[in-house]
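Novice: Next up, coords_8.txt (compact mmCIF, C-alpha atoms and all ligand atoms).
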# COMPACT_ATOMS: atom_id res chain seq x y z
CA MET A 1 0.02 -36.78 37.12
CA THR A 2 3.18 -35.28 38.58
CA ASP A 3 4.57 -32.07 37.15
CA SER A 4 7.50 -33.82 35.54
CA ARG A 5 5.20 -36.44 33.90
CA ARG A 6 2.95 -33.66 32.66
CA ARG A 7 5.94 -31.89 31.12
CA THR A 8 7.13 -35.09 29.45
CA ALA A 9 3.62 -35.78 28.07
CA LEU A 10 3.40 -32.24 26.76
CA SER A 11 6.73 -32.39 25.01
CA GLN A 12 5.92 -35.82 23.49
CA ASN A 13 2.67 -34.41 22.27
CA ARG A 14 4.48 -31.42 20.71
CA ALA A 15 7.06 -33.65 19.10
CA SER A 16 4.35 -35.73 17.46
CA THR A 17 2.32 -32.69 16.30
CA PRO A 18 2.91 -32.05 12.59
CA VAL A 19 4.60 -28.73 11.95
CA HIS A 20 1.69 -27.46 9.85
CA LEU A 21 -0.68 -27.94 12.81
CA LEU A 22 1.60 -25.99 15.10
CA TYR A 23 1.56 -23.24 12.50
CA HIS A 24 -2.21 -23.16 12.42
CA ILE A 25 -2.38 -23.15 16.21
CA ARG A 26 -0.38 -19.95 16.13
CA VAL A 27 -2.09 -18.11 13.31
CA THR A 28 -5.76 -18.66 13.90
CA SER A 29 -7.82 -17.74 16.92
CA PRO A 30 -11.31 -18.83 17.89
CA HIS A 31 -12.79 -15.38 18.36
CA SER A 32 -13.89 -13.16 15.52
CA HIS A 33 -11.88 -10.11 14.60
CA THR A 34 -12.90 -6.55 13.91
CA PRO A 35 -12.89 -6.13 10.14
CA THR A 36 -10.55 -3.28 9.33
CA LEU A 37 -9.42 -1.77 6.05
CA LEU A 38 -6.80 0.90 5.47
CA VAL A 39 -6.08 2.39 2.07
CA HIS A 40 -3.68 4.98 0.73
CA GLY A 41 -3.60 6.94 -2.49
CA GLY A 42 0.03 8.01 -2.51
CA ALA A 43 2.35 10.10 -0.37
CA TRP A 44 3.74 13.21 -2.01
CA ALA A 45 3.25 16.94 -2.30
CA ILE A 46 -0.48 16.70 -3.16
CA PRO A 47 -1.61 20.12 -4.42
CA ALA A 48 -4.76 21.65 -2.93
CA SER A 49 -6.44 21.55 -6.33
CA GLU A 50 -6.28 17.73 -6.21
CA ALA A 51 -7.21 17.31 -2.55
CA ALA A 52 -10.93 16.71 -3.05
CA ALA A 53 -10.37 14.13 -5.80
CA HIS A 54 -7.94 12.25 -3.59
CA GLN A 55 -10.32 12.17 -0.64
CA ALA A 56 -13.23 11.07 -2.85
CA GLY A 57 -11.17 8.31 -4.47
CA VAL A 58 -9.95 6.97 -1.18
CA ARG A 59 -13.48 7.03 0.25
CA ALA A 60 -14.89 5.11 -2.73
CA ALA A 61 -12.18 2.47 -2.29
CA LEU A 62 -12.97 2.16 1.41
CA GLN A 63 -16.67 1.74 0.74
CA THR A 64 -16.12 -1.02 -1.78
CA GLY A 65 -13.54 -2.88 0.27
CA HIS A 66 -15.34 -2.55 3.54
CA ALA A 67 -18.62 -3.80 2.11
CA ILE A 68 -16.79 -7.07 1.40
CA LEU A 69 -15.41 -7.30 4.93
CA ASP A 70 -18.85 -6.45 6.32
CA ARG A 71 -20.41 -9.49 4.73
CA ARG A 72 -17.69 -11.69 6.21
CA GLY A 73 -15.64 -11.62 3.02
CA SER A 74 -11.90 -12.16 2.97
CA ALA A 75 -9.22 -9.56 3.54
CA LEU A 76 -7.74 -10.61 0.20
CA ASP A 77 -10.96 -9.87 -1.68
CA ALA A 78 -11.29 -6.56 0.15
CA VAL A 79 -7.82 -5.25 -0.71
CA GLU A 80 -8.12 -6.41 -4.31
CA ALA A 81 -11.48 -4.66 -4.69
CA ALA A 82 -10.29 -1.47 -2.97
CA VAL A 83 -7.21 -1.26 -5.17
CA THR A 84 -9.26 -1.97 -8.28
CA VAL A 85 -11.39 1.10 -7.46
CA LEU A 86 -8.24 3.20 -7.09
CA GLU A 87 -6.73 1.83 -10.31
CA ASN A 88 -9.93 2.79 -12.14
CA ASP A 89 -9.77 6.35 -10.81
CA PRO A 90 -7.49 8.44 -13.05
CA THR A 91 -6.65 10.67 -10.08
CA PHE A 92 -4.10 8.12 -8.97
CA ASP A 93 -0.82 6.83 -10.34
CA ALA A 94 -2.16 3.34 -10.91
CA GLY A 95 -4.03 1.88 -13.86
CA ARG A 96 -5.32 4.44 -16.37
CA GLY A 97 -3.89 7.90 -15.79
CA SER A 98 -0.55 6.63 -14.47
CA PHE A 99 2.70 8.45 -14.98
CA LEU A 100 4.52 7.90 -18.22
CA THR A 101 7.87 6.35 -18.87
CA SER A 102 10.52 8.52 -20.51
CA ASP A 103 9.30 7.24 -23.88
CA GLY A 104 5.66 8.07 -23.15
CA ARG A 105 4.12 4.73 -22.20
CA VAL A 106 2.30 3.47 -19.12
CA GLN A 107 4.06 0.56 -17.39
CA LEU A 108 2.31 -0.86 -14.36
CA ASP A 109 3.43 -2.90 -11.33
CA ALA A 110 1.22 -4.55 -8.69
CA LEU A 111 1.46 -7.06 -5.84
CA LEU A 112 -1.12 -8.83 -3.75
CA MET A 113 -0.32 -10.92 -0.67
CA ASP A 114 -2.48 -13.19 1.46
CA GLY A 115 -1.09 -13.35 5.00
CA GLY A 116 -3.21 -16.35 5.99
CA ARG A 117 -2.12 -18.71 3.24
CA MET A 118 1.22 -16.97 2.69
CA ARG A 119 0.56 -16.71 -1.01
CA ALA A 120 1.59 -13.82 -3.18
CA GLY A 121 1.14 -12.74 -6.77
CA GLY A 122 2.89 -9.93 -8.58
CA VAL A 123 3.21 -8.41 -12.03
CA ALA A 124 5.57 -5.74 -13.29
CA CYS A 125 6.09 -3.66 -16.41
CA VAL A 126 2.69 -4.59 -17.82
CA GLU A 127 1.42 -2.26 -20.52
CA ARG A 128 -1.81 -3.84 -21.72
CA LEU A 129 -3.78 -4.55 -18.56
CA ARG A 130 -6.35 -2.16 -17.16
CA ASN A 131 -6.23 -3.67 -13.67
CA PRO A 132 -2.84 -5.15 -12.84
CA ILE A 133 -3.99 -5.98 -9.30
CA GLN A 134 -6.44 -8.45 -10.82
CA ALA A 135 -3.64 -10.02 -12.80
CA ALA A 136 -1.69 -10.27 -9.54
CA ARG A 137 -4.66 -12.11 -8.02
CA LEU A 138 -4.59 -14.59 -10.89
CA VAL A 139 -0.89 -15.17 -10.32
CA LEU A 140 -1.54 -15.69 -6.61
CA GLU A 141 -4.37 -18.16 -7.15
CA GLN A 142 -3.54 -19.92 -10.36
CA SER A 143 0.19 -20.12 -10.73
CA PRO A 144 2.91 -22.05 -8.94
CA HIS A 145 5.01 -18.93 -9.46
CA VAL A 146 4.86 -15.65 -7.63
CA TYR A 147 5.91 -13.01 -10.11
CA PHE A 148 5.56 -12.32 -13.83
CA VAL A 149 6.90 -9.41 -15.84
CA GLY A 150 6.20 -7.68 -19.14
CA PRO A 151 4.79 -9.69 -22.03
CA GLY A 152 4.96 -12.91 -19.99
CA ALA A 153 2.68 -11.37 -17.37
CA GLU A 154 0.29 -10.15 -20.04
CA ALA A 155 0.21 -13.55 -21.71
CA PHE A 156 -0.49 -15.22 -18.36
CA ALA A 157 -3.33 -12.78 -17.63
CA ALA A 158 -4.80 -13.20 -21.11
CA ALA A 159 -4.62 -16.98 -20.82
CA HIS A 160 -6.68 -16.66 -17.64
CA GLY A 161 -9.35 -14.49 -19.22
CA MET A 162 -8.20 -10.90 -18.78
CA PRO A 163 -8.64 -8.67 -21.82
CA LEU A 164 -5.52 -7.07 -23.27
CA ILE A 165 -5.94 -3.42 -24.25
CA ALA A 166 -3.86 -0.94 -26.23
CA ASN A 167 -1.41 0.96 -24.04
CA ALA A 168 -2.81 4.22 -25.44
CA GLU A 169 -6.04 3.53 -23.53
CA LEU A 170 -4.12 4.00 -20.28
CA VAL A 171 -2.43 7.25 -21.35
CA LEU A 172 -3.99 10.63 -20.51
CA ASP A 173 -3.13 13.99 -22.09
CA ARG A 174 -2.61 15.32 -18.58
CA GLU A 175 0.24 12.83 -18.24
CA ARG A 176 1.77 13.71 -21.61
CA GLN A 177 1.96 17.31 -20.43
CA ARG A 178 3.35 16.27 -17.06
CA LEU A 179 6.05 14.23 -18.77
CA ALA A 180 6.97 17.14 -21.03
CA LEU A 181 7.38 19.40 -17.98
CA ALA A 182 9.44 16.79 -16.14
CA ARG A 183 11.74 16.48 -19.11
CA GLN A 184 12.18 20.24 -19.27
CA ARG A 185 13.08 20.27 -15.58
CA GLN A 186 15.48 17.41 -16.10
CA ALA A 187 17.11 19.19 -19.04
CA ALA A 188 17.47 22.30 -16.88
CA GLY A 189 19.20 20.23 -14.18
CA LEU A 190 16.46 20.83 -11.59
CA ALA A 191 15.90 18.34 -8.77
CA ASP A 192 12.87 16.08 -8.64
CA GLU A 193 10.89 17.31 -5.65
CA THR A 194 7.97 14.99 -6.14
CA PHE A 195 8.10 13.29 -2.78
CA SER A 196 9.84 15.84 -0.62
CA GLY A 197 8.05 18.87 -1.97
CA PRO A 198 10.03 22.05 -2.50
CA GLU A 199 11.01 22.00 1.15
CA CYS A 200 12.35 18.79 2.60
CA GLN A 201 10.24 17.54 5.49
CA PRO A 202 12.24 15.90 8.24
CA PRO A 203 10.88 12.62 9.54
CA GLY A 204 9.31 12.38 12.93
CA ASP A 205 7.80 15.83 12.80
CA GLY A 206 4.46 16.37 14.47
CA SER A 207 2.58 15.20 11.40
CA ILE A 208 3.32 11.52 12.00
CA SER A 209 0.58 9.93 14.07
CA THR A 210 -2.09 7.26 14.13
CA PRO A 211 -5.70 8.35 13.91
CA ARG A 212 -7.50 5.63 15.81
CA GLN A 213 -6.43 2.42 17.45
CA HIS A 214 -9.69 0.75 18.38
CA PRO A 215 -13.20 0.87 16.95
CA SER A 216 -14.58 1.77 20.36
CA ASP A 217 -12.31 4.79 20.61
CA PRO A 218 -14.05 8.05 19.98
CA ILE A 219 -13.85 9.27 16.41
CA LEU A 220 -10.62 11.13 16.27
CA ARG A 221 -10.84 13.01 13.05
CA ASP A 222 -13.20 13.21 10.16
CA ASP A 223 -12.84 14.69 6.72
CA LYS A 224 -13.83 18.13 7.83
CA SER A 225 -11.88 18.31 11.05
CA PRO A 226 -9.21 21.01 11.03
CA GLU A 227 -6.64 18.42 12.07
CA THR A 228 -6.95 16.30 8.94
CA ALA A 229 -8.16 18.83 6.44
CA PHE A 230 -5.61 19.71 3.82
CA HIS A 231 -4.24 23.00 5.04
CA PRO A 232 -4.14 25.55 2.24
CA ALA A 233 -1.23 27.39 3.76
CA THR A 234 1.26 24.55 3.60
CA PRO A 235 4.54 25.31 1.78
CA ILE A 236 3.78 22.82 -0.98
CA GLN A 237 0.91 24.87 -2.17
CA LYS A 238 2.64 28.20 -2.02
CA LYS A 239 5.82 27.20 -3.77
CA GLY A 240 5.23 23.83 -5.33
CA ARG A 241 5.55 22.57 -8.84
CA PRO A 242 4.06 19.32 -7.69
CA GLN A 243 4.10 16.19 -9.77
CA GLY A 244 1.77 13.44 -8.63
CA HIS A 245 3.02 10.23 -7.13
CA ASP A 246 -0.14 8.42 -6.31
CA THR A 247 0.69 4.78 -5.96
CA VAL A 248 -2.27 3.11 -4.28
CA GLY A 249 -2.47 0.44 -1.63
CA ALA A 250 -4.65 -1.32 0.89
CA VAL A 251 -4.26 -3.55 3.94
CA ALA A 252 -7.09 -5.44 5.59
CA LEU A 253 -7.98 -7.71 8.48
CA ASP A 254 -11.07 -9.84 8.05
CA ILE A 255 -13.46 -11.31 10.58
CA HIS A 256 -11.65 -14.64 10.38
CA GLY A 257 -8.39 -13.03 11.48
CA ASN A 258 -6.62 -13.08 8.13
CA LEU A 259 -4.47 -10.21 6.90
CA ALA A 260 -3.88 -9.17 3.28
CA ALA A 261 -2.07 -6.36 1.47
CA ALA A 262 -2.12 -4.94 -2.04
CA THR A 263 -0.11 -2.23 -3.81
CA SER A 264 -0.44 -0.98 -7.39
CA THR A 265 1.47 1.71 -9.23
CA GLY A 266 2.42 3.33 -12.48
CA GLY A 267 5.81 3.95 -10.88
CA THR A 268 7.76 7.17 -11.02
CA LEU A 269 7.31 9.88 -13.60
CA ASN A 270 9.77 9.79 -16.51
CA LYS A 271 11.14 6.40 -15.41
CA THR A 272 13.33 4.49 -17.80
CA PRO A 273 11.26 1.76 -19.51
CA GLY A 274 11.70 -1.52 -17.67
CA ARG A 275 12.31 0.09 -14.29
CA VAL A 276 10.53 -1.69 -11.42
CA GLY A 277 10.01 0.12 -8.12
CA ASP A 278 9.28 -1.06 -4.61
CA SER A 279 5.50 -1.34 -4.93
CA SER A 280 5.27 -4.81 -6.44
CA LEU A 281 8.31 -6.33 -4.74
CA ILE A 282 7.55 -8.62 -1.82
CA GLY A 283 8.65 -7.10 1.47
CA CYS A 284 9.44 -3.73 -0.11
CA GLY A 285 6.21 -1.88 -0.99
CA CYS A 286 3.86 -4.65 0.11
CA TYR A 287 3.79 -7.58 2.53
CA ALA A 288 1.33 -9.55 4.62
CA ASP A 289 1.72 -12.37 7.12
CA ASN A 290 -0.77 -13.28 9.83
CA LEU A 291 2.20 -13.84 12.14
CA SER A 292 3.36 -10.24 11.85
CA ALA A 293 1.34 -7.58 9.99
CA ALA A 294 0.15 -6.28 6.62
CA VAL A 295 1.78 -3.27 5.02
CA SER A 296 1.63 -1.09 1.93
CA LEU A 297 4.11 1.67 1.19
CA THR A 298 4.29 4.55 -1.21
CA GLY A 299 6.96 7.08 -2.04
CA TRP A 300 10.31 7.17 -3.69
CA GLY A 301 10.77 3.50 -4.50
CA GLU A 302 14.53 3.04 -4.69
CA PRO A 303 15.32 3.79 -1.02
CA ILE A 304 12.30 1.73 0.09
CA MET A 305 13.61 -1.23 -1.91
CA LYS A 306 17.12 -0.97 -0.54
CA LEU A 307 15.79 -1.12 3.02
CA VAL A 308 13.19 -3.85 2.27
CA LEU A 309 11.09 -1.52 4.33
CA GLY A 310 7.75 -3.35 4.32
CA LYS A 311 9.29 -6.47 5.84
CA TRP A 312 11.34 -4.33 8.20
CA ALA A 313 8.14 -2.79 9.55
CA THR A 314 6.17 -6.04 9.84
CA ASP A 315 9.10 -7.74 11.59
CA ARG A 316 9.01 -5.01 14.19
CA VAL A 317 5.32 -5.66 14.81
CA ALA A 318 6.08 -9.39 15.15
CA ALA A 319 8.74 -8.50 17.71
CA GLY A 320 6.20 -6.64 19.82
CA THR A 321 6.29 -3.02 18.64
CA SER A 322 2.84 -1.54 18.11
CA PRO A 323 1.96 -0.82 14.46
CA GLU A 324 1.56 2.83 15.39
CA ILE A 325 5.16 3.08 16.57
CA ALA A 326 6.53 0.70 13.92
CA ALA A 327 5.02 2.85 11.15
CA ARG A 328 6.70 5.96 12.48
CA GLU A 329 9.96 4.15 13.00
CA ALA A 330 9.91 2.83 9.44
CA ILE A 331 9.52 6.31 7.97
CA ALA A 332 12.17 7.71 10.30
CA TYR A 333 14.51 4.87 9.26
CA LEU A 334 13.77 5.56 5.58
CA TYR A 335 14.80 9.17 5.99
CA ASN A 336 17.69 8.74 8.41
CA ARG A 337 19.32 5.92 6.48
CA LEU A 338 18.77 6.98 2.88
CA GLN A 339 17.03 10.38 2.95
CA GLY A 340 13.98 8.69 1.47
CA HIS A 341 10.48 10.11 1.40
CA GLY A 342 7.30 8.12 1.57
CA GLY A 343 4.30 6.90 3.49
CA ILE A 344 3.12 3.67 5.10
CA ILE A 345 -0.06 1.95 6.25
CA LEU A 346 0.51 -0.92 8.66
CA LEU A 347 -2.08 -3.24 10.25
CA GLY A 348 -1.50 -5.86 12.91
CA PRO A 349 -3.37 -9.15 13.39
CA ASP A 350 -5.11 -7.69 16.45
CA GLY A 351 -6.54 -4.78 14.45
CA ARG A 352 -4.15 -2.13 15.76
CA PHE A 353 -2.73 0.00 12.99
CA GLY A 354 -0.33 2.78 12.17
CA LEU A 355 0.00 5.37 9.42
CA ALA A 356 2.95 7.67 8.87
CA HIS A 357 4.54 9.77 6.16
CA ASN A 358 7.31 12.31 5.84
CA THR A 359 6.03 13.73 2.56
CA PRO A 360 3.94 16.89 2.79
CA ALA A 361 0.77 14.81 2.37
CA MET A 362 -0.54 11.27 2.05
CA ALA A 363 -4.08 10.39 0.99
CA TRP A 364 -5.37 7.81 3.49
CA GLY A 365 -8.56 6.17 4.62
CA ILE A 366 -9.63 3.80 7.39
CA ALA A 367 -12.81 1.75 7.59
CA THR A 368 -13.97 -0.17 10.66
CA PRO A 369 -17.49 -1.15 11.74
CA SER A 370 -17.70 2.23 13.46
CA GLY A 371 -17.30 4.19 10.25
CA LEU A 372 -14.98 5.62 7.63
CA GLN A 373 -12.32 8.26 8.04
CA THR A 374 -10.18 9.85 5.35
CA GLY A 375 -7.51 12.51 5.34
CA LEU A 376 -4.56 14.00 3.53
CA THR A 377 -2.15 14.24 6.42
CA VAL A 378 -1.83 12.17 9.58
N1 LIG A 401 6.80 3.70 -4.87
C1 LIG A 401 6.44 3.94 -6.24
C2 LIG A 401 7.60 3.62 -7.12
O1 LIG A 401 8.71 3.97 -6.78
C3 LIG A 401 5.99 5.32 -6.50
C4 LIG A 401 4.95 5.84 -5.54
O2 LIG A 401 4.75 5.32 -4.47
O3 LIG A 401 4.30 6.83 -5.87
O4 LIG A 401 7.40 3.06 -8.16
When written as structure tokens, how does the structure in this file appear?
Ligand code: ASP
Specialist:
Amino acid sequence: MTDSRRRTALSQNRASTPVHLLYHIRVTSPHSHTPTLLVHGGAWAIPASEAAAHQAGVRAALQTGHAILDRRGSALDAVEAAVTVLENDPTFDAGRGSFLTSDGRVQLDALLMDGGRMRAGGVACVERLRNPIQAARLVLEQSPHVYFVGPGAEAFAAAHGMPLIANAELVLDRERQRLALARQRQAAGLADETFSGPECQPPGDGSISTPRQHPSDPILRDDKSPETAFHPATPIQKKGRPQGHDTVGAVALDIHGNLAAATSTGGTLNKTPGRVGDSSLIGCGCYADNLSAAVSLTGWGEPIMKLVLGKWATDRVAAGTSPEIAAREAIAYLYNRLQGHGGIILLGPDGRFGLAHNTPAMAWGIATPSGLQTGLTV
């Protein structure tokens, strides 16, 4: 066949190929992928007294999620399970132990996204669900819709078998006290330094990096290494009046090459009832698409939402930027454009990943077949 005939045959073949097959040709690959899970437990001025609890919580989430990936389970199951562990841990601002609204209630938001099937499920402002990420999974799997809020979300979850609990079961005394302090600070006209810490951290400082790019790379850092250990002499500990902001999230790549992302939060401390942050909004605090990347963000939600930062970061990966660089660029953009503070975990379809934050700390963890790593700064 001549070259020109071959070209004509190829283009006829393309023209007759259904669009959905072309899509699958692009998003799946014959070889197996290295199962990878990244989790975060919030980016903020984590005080030294809470460092161990954050590391332990993140490690437990990694273990649960990675066990699923290890037995050839899906990325979606892994991120849901990892986030469920974090929601159940009162250390974090998700599930029980979350921050309180200005009128003293817990209101939870969560989103789950499957980058292989391009399905998503989200809930917001739910008050009677212990694990909103599981409600998000129900929305993803069992609803033609993508997002439910408030009583409608609770009714949907209950209709699909989730127990509804009293909001008081999610409220801790620790959080009542934290709310009282926040209100005193507000009344005194003091700034909220939750994310920035008492001293604003510029983006792109030396703390933004990516721990490990490939499972065969040597272990870069472990819990006890001086590089990742929470340094007791950081300004946040000396001067801070830290308030936790521990939104949780996970991104995963499974052996089949599918990406998924999950984010769950109690939102910001002292928020007005009904406020929804970035965490559960598609493309803001969470996004996954096999054609680009999976991402979960944490931090001050309003600037993240305005920049649609999760989608911004995954689009950059799709355009060829490495996740390591795209993660740093996203946090730099967040700060430079809107003086926002936060953190990001970003995972590409080839298993490369990036983590970055411009808050004084971010609880993070990575699991690959070569082991688990956790840390409080990157
Ligand atoms: N992004 C969350 C929100 O604004 C808070 C957090 O990440 O801690 O609701």
Novice: Find the residue from A:Thr265, A:Gln186, A:Ser296, A:Thr84 that sits nearest to ligand LIG 401 (chain A); use all atoms listed in the file when measuring.
Specialist: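 Under the stated criterion, the closest residue is A:Thr265.
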Novice: As a VMD selection string, please: the residues near segment 139-146 of chain A (cut-off 12 Å, only C-alpha atoms, same-chain neighbours under 4 positions excluded).
Specialist: chain A and resid 76 to 77 80 110 to 115 117 to 124 132 to 135 152 to 162 262 280 to 282
Novice: Kindly provide, as a ChimeraX atom specification, all nucleotide and amino acid residues lying within 7 Å of ligand LIG 401 (chain A), counting all atoms listed in the file.
Specialist: /A:42-43,93,245-247,265-268,276-279,285,297-302
Novice: Now that the selection is made, can you save its residues with C-alpha atoms as a PDB file, in the frame of the given file?
Specialist:
ATOM      1  CA  GLY A  42       0.030   8.010  -2.510  1.00  0.00           C
ATOM      2  CA  ALA A  43       2.350  10.100  -0.370  1.00  0.00           C
ATOM      3  CA  ASP A  93      -0.820   6.830 -10.340  1.00  0.00           C
ATOM      4  CA  HIS A 245       3.020  10.230  -7.130  1.00  0.00           C
ATOM      5  CA  ASP A 246      -0.140   8.420  -6.310  1.00  0.00           C
ATOM      6  CA  THR A 247       0.690   4.780  -5.960  1.00  0.00           C
ATOM      7  CA  THR A 265       1.470   1.710  -9.230  1.00  0.00           C
ATOM      8  CA  GLY A 266       2.420   3.330 -12.480  1.00  0.00           C
ATOM      9  CA  GLY A 267       5.810   3.950 -10.880  1.00  0.00           C
ATOM     10  CA  THR A 268       7.760   7.170 -11.020  1.00  0.00           C
ATOM     11  CA  VAL A 276      10.530  -1.690 -11.420  1.00  0.00           C
ATOM     12  CA  GLY A 277      10.010   0.120  -8.120  1.00  0.00           C
ATOM     13  CA  ASP A 278       9.280  -1.060  -4.610  1.00  0.00           C
ATOM     14  CA  SER A 279       5.500  -1.340  -4.930  1.00  0.00           C
ATOM     15  CA  GLY A 285       6.210  -1.880  -0.990  1.00  0.00           C
ATOM     16  CA  LEU A 297       4.110   1.670   1.190  1.00  0.00           C
ATOM     17  CA  THR A 298       4.290   4.550  -1.210  1.00  0.00           C
ATOM     18  CA  GLY A 299       6.960   7.080  -2.040  1.00  0.00           C
ATOM     19  CA  TRP A 300      10.310   7.170  -3.690  1.00  0.00           C
ATOM     20  CA  GLY A 301      10.770   3.500  -4.500  1.00  0.00           C
ATOM     21  CA  GLU A 302      14.530   3.040  -4.690  1.00  0.00           C
TER      22      GLU A 302
END
Novice: Would you work out the distance separating atom CA of Ile46 of chain A from atom CA of Thr374 of chain A, expressed in Å to one decimal?
Specialist: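 It comes out at 14.6 Å.
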Novice: Just want the 8 Å neighbourhood of Arg59 of chain A, counted on only C-alpha atoms, with same-chain residues fewer than 4 positions away dropped. Output as a PDB file with C-alpha atoms, keeping the file's coordinate frame.
Specialist:
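Output (selection.pdb):
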ATOM      1  CA  GLN A  55     -10.320  12.170  -0.640  1.00  0.00           C
ATOM      2  CA  GLN A  63     -16.670   1.740   0.740  1.00  0.00           C
ATOM      3  CA  GLY A 365      -8.560   6.170   4.620  1.00  0.00           C
ATOM      4  CA  LEU A 372     -14.980   5.620   7.630  1.00  0.00           C
ATOM      5  CA  GLN A 373     -12.320   8.260   8.040  1.00  0.00           C
ATOM      6  CA  THR A 374     -10.180   9.850   5.350  1.00  0.00           C
TER       7      THR A 374
END
Novice: Calculate how many Å separate atom CA of Asn167 of chain A from atom CA of Arg137 of chain A, rounding to one decimal.
Specialist: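 That distance, rounded to one decimal, is 20.9 Å.
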